[in-house]
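K.L.:
Supplied structure: target-v6.cif, mmCIF, C-alpha atoms.
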data_input
#
loop_
_atom_site.label_atom_id
_atom_site.label_comp_id
_atom_site.auth_asym_id
_atom_site.auth_seq_id
_atom_site.Cartn_x
_atom_site.Cartn_y
_atom_site.Cartn_z
CA ALA A 1 29.47 7.88 -5.05
CA ARG A 2 29.92 4.92 -7.40
CA ARG A 3 32.67 3.54 -9.61
CA ALA A 4 32.32 0.50 -11.86
CA GLY A 5 29.07 -0.50 -10.16
CA ARG A 6 30.47 -0.28 -6.63
CA VAL A 7 29.67 2.25 -3.93
CA ILE A 8 32.97 3.92 -3.03
CA GLY A 9 31.91 6.66 -0.64
CA VAL A 10 29.65 9.63 -0.13
CA THR A 11 29.50 12.81 -2.21
CA LEU A 12 28.95 16.03 -0.29
CA ARG A 13 27.57 19.14 -1.97
CA PRO A 14 28.25 22.69 -0.79
CA ALA A 15 25.33 23.89 1.32
CA ASP A 16 25.27 27.24 -0.48
CA GLY A 17 25.34 25.64 -3.92
CA ALA A 18 28.72 27.22 -4.77
CA GLY A 19 31.86 25.24 -5.39
CA ALA A 20 32.54 21.67 -6.41
CA PRO A 21 31.20 18.56 -4.65
CA VAL A 22 33.56 16.65 -2.38
CA THR A 23 33.69 12.84 -2.23
CA LEU A 24 34.56 11.11 1.05
CA ALA A 25 35.98 7.77 -0.06
CA ALA A 26 35.06 4.73 2.01
CA PRO A 27 35.31 0.96 1.47
CA ALA A 28 31.83 0.60 2.99
CA VAL A 29 28.82 2.90 3.30
CA LEU A 30 26.01 2.25 5.79
CA LEU A 31 22.77 3.97 4.79
CA ALA A 32 20.43 4.58 7.72
CA GLY A 33 18.29 7.52 6.66
CA GLY A 34 14.81 6.39 7.68
CA GLY A 35 11.64 5.47 5.82
CA ALA A 36 9.17 7.18 3.52
CA ALA A 37 6.02 7.91 5.54
CA GLY A 38 6.57 11.65 5.21
CA LEU A 39 5.80 11.39 1.50
CA TYR A 40 2.13 11.55 2.54
CA ALA A 41 0.16 14.62 3.60
CA VAL A 42 -0.85 13.19 7.00
CA THR A 43 2.01 11.41 8.73
CA THR A 44 3.43 10.73 12.16
CA ASN A 45 6.98 11.11 10.80
CA PRO A 46 9.14 14.26 11.05
CA PRO A 47 9.87 16.33 7.91
CA ARG A 48 13.26 14.73 7.28
CA ILE A 49 11.68 11.29 6.73
CA ARG A 50 10.42 11.59 3.15
CA GLY A 51 11.88 8.64 1.31
CA GLU A 52 15.19 10.26 0.47
CA ALA A 53 17.32 7.33 1.70
CA ALA A 54 15.63 4.68 -0.44
CA GLY A 55 15.42 7.12 -3.34
CA MET A 56 19.13 7.86 -3.14
CA ALA A 57 19.98 4.16 -3.20
CA ALA A 58 17.51 3.47 -6.02
CA ARG A 59 19.03 6.25 -8.14
CA ALA A 60 22.43 4.64 -7.56
CA GLY A 61 21.08 1.34 -8.91
CA ALA A 62 19.95 -0.56 -5.80
CA ALA A 63 16.84 -2.73 -6.06
CA ILE A 64 13.85 -1.80 -3.90
CA VAL A 65 11.54 -4.47 -2.48
CA ASP A 66 8.05 -4.36 -0.90
CA ALA A 67 7.73 -0.67 -1.80
CA GLU A 68 3.93 -0.87 -1.95
CA PHE A 69 3.60 -1.81 1.73
CA VAL A 70 3.07 1.47 3.59
CA GLN A 71 1.57 1.20 7.06
CA PHE A 72 -1.05 3.67 8.24
CA HIS A 73 -1.66 4.22 11.93
CA PRO A 74 -5.44 4.43 12.35
CA THR A 75 -5.65 6.92 15.21
CA ALA A 76 -3.55 10.00 14.62
CA LEU A 77 -5.08 13.16 16.08
CA ASP A 78 -6.96 14.99 13.34
CA VAL A 79 -5.96 18.47 14.46
CA GLY A 80 -4.06 19.79 11.43
CA ALA A 81 -0.61 19.27 12.98
CA ASP A 82 2.36 18.13 10.87
CA PRO A 83 3.55 15.65 11.94
CA ALA A 84 0.30 14.33 13.33
CA PRO A 85 0.46 13.25 17.00
CA LEU A 86 -0.65 9.71 17.85
CA ALA A 87 -3.42 8.47 20.07
CA THR A 88 -1.75 5.35 21.39
CA GLU A 89 -3.21 1.93 20.62
CA ALA A 90 -3.05 1.23 24.33
CA LEU A 91 -6.23 3.30 24.66
CA ARG A 92 -8.15 0.84 22.47
CA GLY A 93 -6.57 -1.98 24.44
CA GLU A 94 -8.04 -0.38 27.57
CA GLY A 95 -11.49 -0.16 26.01
CA ALA A 96 -11.61 3.11 24.04
CA THR A 97 -13.99 2.91 21.09
CA LEU A 98 -14.16 4.45 17.63
CA ILE A 99 -17.37 6.35 16.98
CA ASP A 100 -18.93 8.42 14.21
CA ALA A 101 -20.33 11.94 14.49
CA ALA A 102 -23.59 10.53 15.90
CA GLY A 103 -21.73 8.66 18.64
CA ALA A 104 -22.25 5.18 17.13
CA ARG A 105 -19.44 2.63 17.02
CA PHE A 106 -18.46 1.53 13.51
CA MET A 107 -15.70 -1.05 14.12
CA PRO A 108 -17.98 -3.98 15.19
CA ALA A 109 -19.41 -3.97 11.65
CA ALA A 110 -15.92 -3.90 10.11
CA HIS A 111 -14.23 -6.80 11.93
CA PRO A 112 -15.05 -9.40 14.62
CA ASP A 113 -12.30 -7.94 16.81
CA ALA A 114 -13.76 -4.43 16.45
CA GLU A 115 -11.30 -1.80 17.75
CA LEU A 116 -8.67 -4.51 18.36
CA ALA A 117 -8.56 -5.58 14.70
CA PRO A 118 -5.21 -5.31 12.83
CA ARG A 119 -3.98 -1.81 12.07
CA ASP A 120 -4.75 -1.97 8.36
CA VAL A 121 -8.37 -3.00 9.00
CA VAL A 122 -8.92 -0.23 11.54
CA ALA A 123 -7.19 2.32 9.30
CA ARG A 124 -9.47 1.47 6.37
CA ALA A 125 -12.57 1.74 8.54
CA VAL A 126 -11.52 5.13 9.91
CA PHE A 127 -10.63 6.25 6.38
CA ALA A 128 -14.04 5.15 5.09
CA GLU A 129 -15.77 7.26 7.74
CA TRP A 130 -13.68 10.27 6.83
CA ARG A 131 -14.04 9.74 3.05
CA ASP A 132 -17.81 9.54 3.35
CA GLY A 133 -17.94 12.94 5.06
CA GLY A 134 -18.05 11.66 8.62
CA ARG A 135 -16.00 12.70 11.61
CA PRO A 136 -14.33 9.59 13.08
CA MET A 137 -13.45 9.99 16.74
CA LEU A 138 -11.81 7.97 19.48
CA ASP A 139 -13.95 7.91 22.59
CA ALA A 140 -11.63 7.41 25.57
CA ARG A 141 -13.84 9.04 28.20
CA ALA A 142 -14.53 5.80 30.07
CA VAL A 143 -10.82 4.91 30.04
CA PHE A 144 -9.84 8.28 31.51
CA ALA A 145 -12.60 8.00 34.11
CA ARG A 146 -11.31 4.59 35.19
CA ARG A 147 -7.54 5.11 34.87
CA GLY A 148 -7.17 8.86 35.35
CA ARG A 149 -5.09 11.37 33.39
CA ALA A 150 -1.83 10.12 34.88
CA ALA A 151 -2.14 6.87 32.92
CA PHE A 152 -1.79 8.67 29.58
CA PRO A 153 0.11 11.90 30.34
CA ALA A 154 1.59 12.40 26.86
CA LEU A 155 -1.75 12.08 25.10
CA ASP A 156 -3.48 14.24 27.71
CA ALA A 157 -0.88 16.98 27.21
CA THR A 158 -1.06 16.73 23.41
CA CYS A 159 -4.84 16.97 23.46
CA ALA A 160 -4.69 19.95 25.81
CA ARG A 161 -2.42 21.81 23.38
CA HIS A 162 -5.14 21.43 20.75
CA GLY A 163 -8.05 22.34 22.99
CA ILE A 164 -9.34 18.80 23.57
CA ASP A 165 -10.12 17.27 26.94
CA PRO A 166 -10.11 13.48 26.34
CA ALA A 167 -11.71 12.87 29.74
CA HIS A 168 -14.84 14.74 28.64
CA ALA A 169 -14.90 14.71 24.80
CA PRO A 170 -14.05 12.26 22.00
CA ILE A 171 -10.77 12.79 20.14
CA PRO A 172 -10.98 13.44 16.37
CA VAL A 173 -8.75 10.97 14.54
CA ALA A 174 -7.55 10.14 11.02
CA PRO A 175 -5.23 7.52 9.50
CA ALA A 176 -1.63 8.70 9.15
CA THR A 177 1.33 7.11 7.42
CA HIS A 178 3.51 5.62 10.10
CA TYR A 179 6.01 3.08 8.74
CA HIS A 180 7.32 1.85 5.40
CA MET A 181 7.81 -1.91 5.29
CA GLY A 182 9.52 -1.56 1.92
CA GLY A 183 12.95 -0.18 1.23
CA VAL A 184 16.33 -1.12 -0.17
CA ALA A 185 16.52 -4.89 -0.65
CA THR A 186 19.08 -6.35 1.77
CA ASP A 187 19.99 -9.67 3.27
CA ALA A 188 19.94 -10.29 7.03
CA ALA A 189 23.38 -8.68 7.33
CA GLY A 190 22.22 -5.47 5.69
CA ARG A 191 24.07 -6.03 2.40
CA SER A 192 22.36 -4.48 -0.58
CA GLY A 193 22.74 -5.57 -4.19
CA LEU A 194 25.30 -2.79 -4.70
CA PRO A 195 28.79 -3.82 -3.55
CA GLY A 196 29.99 -1.51 -0.81
CA LEU A 197 26.51 -0.48 0.35
CA TRP A 198 24.87 -1.74 3.53
CA VAL A 199 21.48 -0.48 4.69
CA CYS A 200 19.73 -0.72 8.05
CA GLY A 201 16.71 0.65 9.85
CA GLU A 202 13.52 1.63 8.08
CA ALA A 203 15.42 2.40 4.86
CA ALA A 204 16.10 -1.34 4.50
CA ALA A 205 13.71 -4.12 3.60
CA THR A 206 14.99 -7.35 5.10
CA GLY A 207 11.61 -9.09 4.84
CA LEU A 208 11.26 -9.02 8.62
CA HIS A 209 7.84 -7.36 8.62
CA GLY A 210 6.21 -9.05 5.65
CA ALA A 211 3.24 -7.02 4.41
CA ASN A 212 2.21 -5.58 7.78
CA ARG A 213 4.55 -4.63 10.64
CA LEU A 214 3.54 -5.51 14.19
CA ALA A 215 3.72 -2.72 16.76
CA SER A 216 7.23 -1.97 18.10
CA ASN A 217 8.97 -4.34 15.67
CA GLY A 218 10.62 -1.34 14.03
CA LEU A 219 13.10 -1.56 16.92
CA LEU A 220 14.40 -4.82 15.46
CA GLU A 221 15.32 -3.03 12.23
CA ALA A 222 16.89 -0.11 14.08
CA LEU A 223 18.83 -2.01 16.73
CA VAL A 224 19.24 -5.72 15.96
CA PHE A 225 19.71 -5.54 12.21
CA ALA A 226 21.91 -2.45 12.59
CA ARG A 227 24.22 -4.53 14.78
CA PHE A 228 24.17 -7.33 12.19
CA ALA A 229 25.20 -4.81 9.52
CA ALA A 230 27.99 -3.34 11.65
CA ASP A 231 29.33 -6.80 12.46
CA ASP A 232 29.25 -7.80 8.79
CA ILE A 233 31.07 -4.64 7.71
CA ALA A 234 33.75 -5.25 10.34
CA ALA A 235 34.13 -8.90 9.32
CA THR A 236 34.31 -7.99 5.63
CA LEU A 237 36.78 -5.13 5.90
CA GLY A 238 38.89 -6.14 8.88
CA PRO A 239 40.58 -3.52 11.09
CA ALA A 240 39.86 0.02 9.98
CA PRO A 241 42.87 1.96 8.69
CA GLU A 242 43.73 5.32 10.20
CA ALA A 243 41.56 7.93 8.52
CA GLY A 244 42.79 11.40 7.78
CA GLU A 245 41.01 14.43 9.12
CA VAL A 246 38.40 16.08 6.92
CA ALA A 247 38.84 19.85 6.84
CA LEU A 248 35.23 20.68 6.05
CA ARG A 249 32.54 22.64 7.81
CA PHE A 250 29.35 20.61 7.75
CA ALA A 251 26.01 22.40 7.49
CA PRO A 252 22.44 21.30 6.93
CA ALA A 253 21.50 20.81 3.30
CA ALA A 254 19.24 23.33 1.67
CA PRO A 255 15.64 22.19 2.07
CA PRO A 256 13.87 20.92 -1.05
CA PRO A 257 11.39 23.32 -2.69
CA ALA A 258 8.35 23.57 -0.43
CA ALA A 259 5.59 23.81 -3.03
CA PRO A 260 6.54 20.67 -5.04
CA VAL A 261 7.02 18.68 -1.82
CA ALA A 262 3.57 19.71 -0.57
CA ALA A 263 2.03 18.83 -3.93
CA LEU A 264 3.78 15.44 -3.97
CA ARG A 265 2.47 14.62 -0.50
CA GLN A 266 -1.08 15.47 -1.58
CA VAL A 267 -0.74 13.28 -4.69
CA MET A 268 0.45 10.30 -2.65
CA SER A 269 -2.35 10.66 -0.10
CA ALA A 270 -5.04 11.10 -2.74
CA HIS A 271 -3.95 8.32 -5.10
CA ALA A 272 -1.60 5.88 -3.32
CA GLY A 273 -2.98 5.97 0.20
CA VAL A 274 -5.05 3.76 2.47
CA VAL A 275 -7.29 2.54 -0.38
CA ARG A 276 -5.88 2.27 -3.90
CA ASP A 277 -7.02 1.33 -7.38
CA ALA A 278 -5.48 1.23 -10.84
CA GLU A 279 -6.93 4.55 -11.97
CA GLY A 280 -5.63 6.39 -8.93
CA LEU A 281 -2.18 4.82 -9.08
CA ARG A 282 -1.84 5.67 -12.76
CA THR A 283 -2.83 9.24 -11.93
CA ALA A 284 -0.24 9.29 -9.14
CA LEU A 285 2.55 8.18 -11.49
CA ALA A 286 1.63 10.79 -14.09
CA GLU A 287 1.48 13.53 -11.45
CA ILE A 288 4.81 12.49 -9.90
CA ALA A 289 6.42 12.72 -13.36
CA ARG A 290 4.97 16.20 -13.85
CA LEU A 291 6.18 17.44 -10.47
CA GLU A 292 9.63 15.95 -10.99
CA ALA A 293 10.00 17.61 -14.41
CA ALA A 294 9.04 20.98 -12.93
CA ALA A 295 11.89 20.84 -10.37
CA PRO A 296 14.93 19.62 -12.35
CA ASP A 297 17.64 21.10 -10.10
CA ALA A 298 16.52 19.71 -6.73
CA PRO A 299 18.46 16.51 -5.86
CA ALA A 300 16.63 15.96 -2.56
CA PHE A 301 13.27 16.22 -4.32
CA ALA A 302 14.50 13.80 -7.00
CA ASN A 303 15.18 11.27 -4.24
CA MET A 304 11.62 11.76 -2.97
CA THR A 305 10.03 11.36 -6.39
CA ALA A 306 12.12 8.24 -6.99
CA THR A 307 10.69 6.59 -3.87
CA ALA A 308 7.18 7.85 -4.62
CA THR A 309 7.45 6.38 -8.13
CA LEU A 310 8.56 3.03 -6.73
CA ILE A 311 5.69 2.95 -4.21
CA ALA A 312 3.03 3.78 -6.81
CA ALA A 313 4.49 1.48 -9.48
CA SER A 314 4.80 -1.45 -7.08
CA ALA A 315 1.24 -0.87 -5.84
CA LEU A 316 -0.03 -0.84 -9.44
CA LEU A 317 1.80 -4.06 -10.26
CA ARG A 318 0.48 -5.89 -7.17
CA ARG A 319 -3.01 -6.77 -8.34
CA GLU A 320 -4.25 -8.05 -4.99
CA SER A 321 -4.79 -6.85 -1.43
CA ARG A 322 -2.35 -8.00 1.22
CA GLY A 323 -1.46 -6.55 4.61
CA ALA A 324 -1.14 -2.79 4.46
CA HIS A 325 -1.61 -2.73 0.66
CA TYR A 326 -5.31 -2.56 -0.21
CA ARG A 327 -6.64 -2.41 -3.76
CA ALA A 328 -10.35 -1.59 -4.06
CA ASP A 329 -10.32 -3.19 -7.52
CA PHE A 330 -8.57 -6.33 -6.21
CA PRO A 331 -9.86 -6.62 -2.63
CA ARG A 332 -8.77 -10.23 -2.03
CA PRO A 333 -5.28 -11.69 -1.60
CA ALA A 334 -3.88 -13.78 -4.44
CA ALA A 335 -3.07 -17.44 -3.90
CA ARG A 336 0.63 -16.65 -3.66
CA GLY A 337 1.95 -13.40 -2.29
CA ALA A 338 5.44 -13.20 -3.76
CA ARG A 339 7.69 -10.32 -2.82
CA ARG A 340 8.38 -7.83 -5.62
CA TRP A 341 11.82 -6.47 -6.38
CA LEU A 342 11.82 -3.37 -8.57
CA THR A 343 14.58 -1.13 -9.84
CA LEU A 344 14.04 2.55 -10.45
CA THR A 345 14.73 1.95 -14.15
CA GLU A 346 11.82 -0.50 -14.29
CA ALA A 347 9.51 1.80 -12.35
CA LEU A 348 10.39 4.75 -14.57
CA ALA A 349 9.70 2.69 -17.68
CA LEU A 350 6.21 1.92 -16.38
CA ARG A 351 5.71 5.57 -15.46
CA SER A 352 6.78 6.69 -18.94
CA GLU A 353 4.26 4.37 -20.57
CA ILE A 354 1.48 5.81 -18.42
CA VAL A 355 2.52 9.41 -19.12
CA LYS A 356 2.50 8.69 -22.85
CA GLU A 357 -0.95 7.09 -22.66
CA THR A 358 -2.22 10.02 -20.61
CA ARG A 359 -1.02 12.54 -23.17
CA CYS A 360 -2.28 10.56 -26.16
CA PRO A 361 -4.53 7.56 -25.42
CA SER A 362 -4.75 6.57 -29.10
CA PRO A 363 -2.49 3.66 -30.22
CA ASP A 364 -1.56 5.85 -33.21
CA CYS A 365 -0.11 8.58 -30.97
CA PRO A 366 2.89 10.14 -32.74
CA ILE A 367 4.93 10.76 -29.58
#
How would this structure read if it were set down as C-alpha cells?
P.N.:
Amino acid sequence: ARRAGRVIGVTLRPADGAGAPVTLAAPAVLLAGGGAAGLYAVTTNPPRIRGEAAGMAARAGAAIVDAEFVQFHPTALDVGADPAPLATEALRGEGATLIDAAGARFMPAAHPDAELAPRDVVARAVFAEWRDGGRPMLDARAVFARRGRAAFPALDATCARHGIDPAHAPIPVAPATHYHMGGVATDAAGRSGLPGLWVCGEAAATGLHGANRLASNGLLEALVFARFAADDIAATLGPAPEAGEVALRFAPAAPPPAAPVAALRQVMSAHAGVVRDAEGLRTALAEIARLEAAAPDAPAFANMTATATLIAASALLRRESRGAHYRADFPRPAARGARRWLTLTEALALRSEIVKETRCPSPDCPI
C-alpha cells in the first residue's frame, strides 16, 4: 500500500475474491519474497518463486537493477521434473565429466578449465549440446566407483527415483534457472528507493553478486543483508509501539491461472534464456504483453509479467555479454559494464514500442 509516494503497509485481498481488501498499516515493510528463476520452464526453484516480489515492488514504483542477470545452473537433472533436481557441482570437482550422446567430452573445447569453468560457460556449452539435438550427460561413474554412494546420498536417491543409477550410467542434464542476481535496487542496508520499503534476500539487488553469483553467496543476501536491513529498520523507527491484534483468518492466495503461467515460462526460456539476441528478446516482450492482456484480473500474474518484462527489456538494452547475460549478437563485453537501473514504466514504454512495430512495421502505421 502506498500514499504520497511512501509505502505505508500491506494490502491483503480476500482469498475467495469476495469482500473488500484490508490494509495492514506499518511504518516499515520488509519485502523478502525470493527471486525470479521460476519464470523459466526449467528451474531449480519451487513454484512460489516466480518473480512476484520484484514485480510487486516495481508496480509500486521501485527501481529494478541488474534484471538481465539470471544465473543458470548447468547440471540440473533432465528428467522432466518441476522443479528440476540438481546434480551438485561437487561431482565435477571430484572429476565427473560432461559428455555427449557418443560419450565424448565437450567441455575441453569450450574452456581451458573444462568442467571446472565458471557456471555461465558450462551452462552455455550444455545448452549448445541440447540445442543442437544432442543429449548432454554428466558422467560420474568413476567418482561413484572411487567414493561410493554414501558420498552423494541425495543425488543417488534422486537419480534412483527417476530410474537412473549414477554408478553405472551417465546422468542426463540440462541448464536450469537457479538464481536472479537482479532485483529491487537497494543500498547495503536494504533500503529501496521507495520510502518505507526495505528489501532483502534474492528479491533485492545490492550489487553484491555483480553479473555472476559465486556458489553459496546467496546466503549473504539471505542472512547477512537481512540482518543489516532489520538493524536499519530498528534504528530508523526506534522502539516498536504496541500493535493491536488483527482479527483475520489468513489463507493461501488463489494460484495464478495455470495456462498463462506455463506459456510465460516457455516464452522466457525460448527467448530470454541462456543465449539471447535482439530478435528473441523483442519477441519475448511482445509475447509477454499478449499474455498479460489476456489475463487482466490476475494480480499475481501481473507481478510475474512485470518482472519478466524488466528482465527482457534490460537484456535487450544491454548490448554486450557479461557474466550470466550472454548475447549471441554481442558476444563480447563492452569496455565499461555499468549497472542498469530500470523502472517498470520505462520497461513498459520499450515494450509498447516493440508491440506497435510488431503489429505494423511501417513508419506510417496509423496506430
K.L.:
Determine, counting all atoms listed in the file, which protein, DNA and RNA residues have an atom within 8 Å of an atom of Ala76 (chain A); residues of the same chain fewer than 4 positions away are not included. Present the result as a PyMOL selection string.
P.N.:
chain A and resi 44+84-87+173-176
K.L.:
Under the rule that all atoms listed in the file are counted, which of A:Ser352, A:Thr158, A:Gln266, A:Ser321 is the nearest residue to Leu285 (chain A)?
P.N.:
A:Ser352
K.L.:
If I wrap all listed atoms of region 212-218 of chain A in a box with edges along x, y and z and add 6 Å on each side, what are its centre and edge lengths in Å to one decimal, as AutoDock Vina command-line options?
P.N.:
--center_x 6.4 --center_y -3.5 --center_z 12.9 --size_x 20.4 --size_y 16.2 --size_z 22.3
K.L.:
One number please: CA of Arg119 (chain A) to CA of Ala160 (chain A), in Å, one decimal.
P.N.:
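Atom-to-atom, CA of Arg119 (chain A) and CA of Ala160 (chain A) are spaced 25.7 Å apart.
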K.L.:
Using all atoms listed in the file, I'd like a table of the residues in region 84-184 of chain A that come within 10 Å of region 202-218 of chain A; for each, show the closest atom pair and its distance in Å rounded to one decimal, ordered by chain and ascending number, as JSON lines.
P.N.:
{"residue": "A:Glu89", "atom": "CA", "partner": "A:Ala215", "partner_atom": "CA", "distance": 9.2}
{"residue": "A:Pro118", "atom": "CA", "partner": "A:Leu214", "partner_atom": "CA", "distance": 8.9}
{"residue": "A:Arg119", "atom": "CA", "partner": "A:Asn212", "partner_atom": "CA", "distance": 8.4}
{"residue": "A:Asp120", "atom": "CA", "partner": "A:Asn212", "partner_atom": "CA", "distance": 7.9}
{"residue": "A:Tyr179", "atom": "CA", "partner": "A:Glu202", "partner_atom": "CA", "distance": 7.7}
{"residue": "A:His180", "atom": "CA", "partner": "A:Glu202", "partner_atom": "CA", "distance": 6.8}
{"residue": "A:Met181", "atom": "CA", "partner": "A:His209", "partner_atom": "CA", "distance": 6.4}
{"residue": "A:Gly182", "atom": "CA", "partner": "A:Ala205", "partner_atom": "CA", "distance": 5.2}
{"residue": "A:Gly183", "atom": "CA", "partner": "A:Ala205", "partner_atom": "CA", "distance": 4.7}
{"residue": "A:Val184", "atom": "CA", "partner": "A:Ala204", "partner_atom": "CA", "distance": 4.7}
K.L.:
Would you pick out the contacts of Glu221 (chain A) at 7 Å or less, using only C-alpha atoms, so that residues sharing its chain but fewer than 3 positions from it are not included, and give the list as a PyMOL selection string?
P.N.:
chain A and resi 200-202+218+224-226
K.L.:
For the selection just defined, write its residues with C-alpha atoms to a file, as a compact mmCIF listing (two decimals), in the frame of the given file.
P.N.:
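In the end it all went to result_35.txt:
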# COMPACT_ATOMS: atom_id res chain seq x y z
CA CYS A 200 19.73 -0.72 8.05
CA GLY A 201 16.71 0.65 9.85
CA GLU A 202 13.52 1.63 8.08
CA GLY A 218 10.62 -1.34 14.03
CA VAL A 224 19.24 -5.72 15.96
CA PHE A 225 19.71 -5.54 12.21
CA ALA A 226 21.91 -2.45 12.59
K.L.:
Of the residues A:Ala324, A:Thr309, A:Gly103, A:Asn45, which is the one nearest to Ala349 (chain A), using all atoms listed in the file?
P.N.:
A:Thr309
K.L.:
Compare A:Pro74, A:Pro296, A:Pro112, A:Gly80 by their minimum atom-to-atom distance to Val126 (chain A), counting only C-alpha atoms, and give me the closest one.
P.N.:
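Closest to Val126 (chain A) of all the choices is A:Pro74.
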K.L.:
Any idea what the distance is between CA of Arg265 (chain A) and CA of Arg327 (chain A)?
P.N.:
19.6 Å
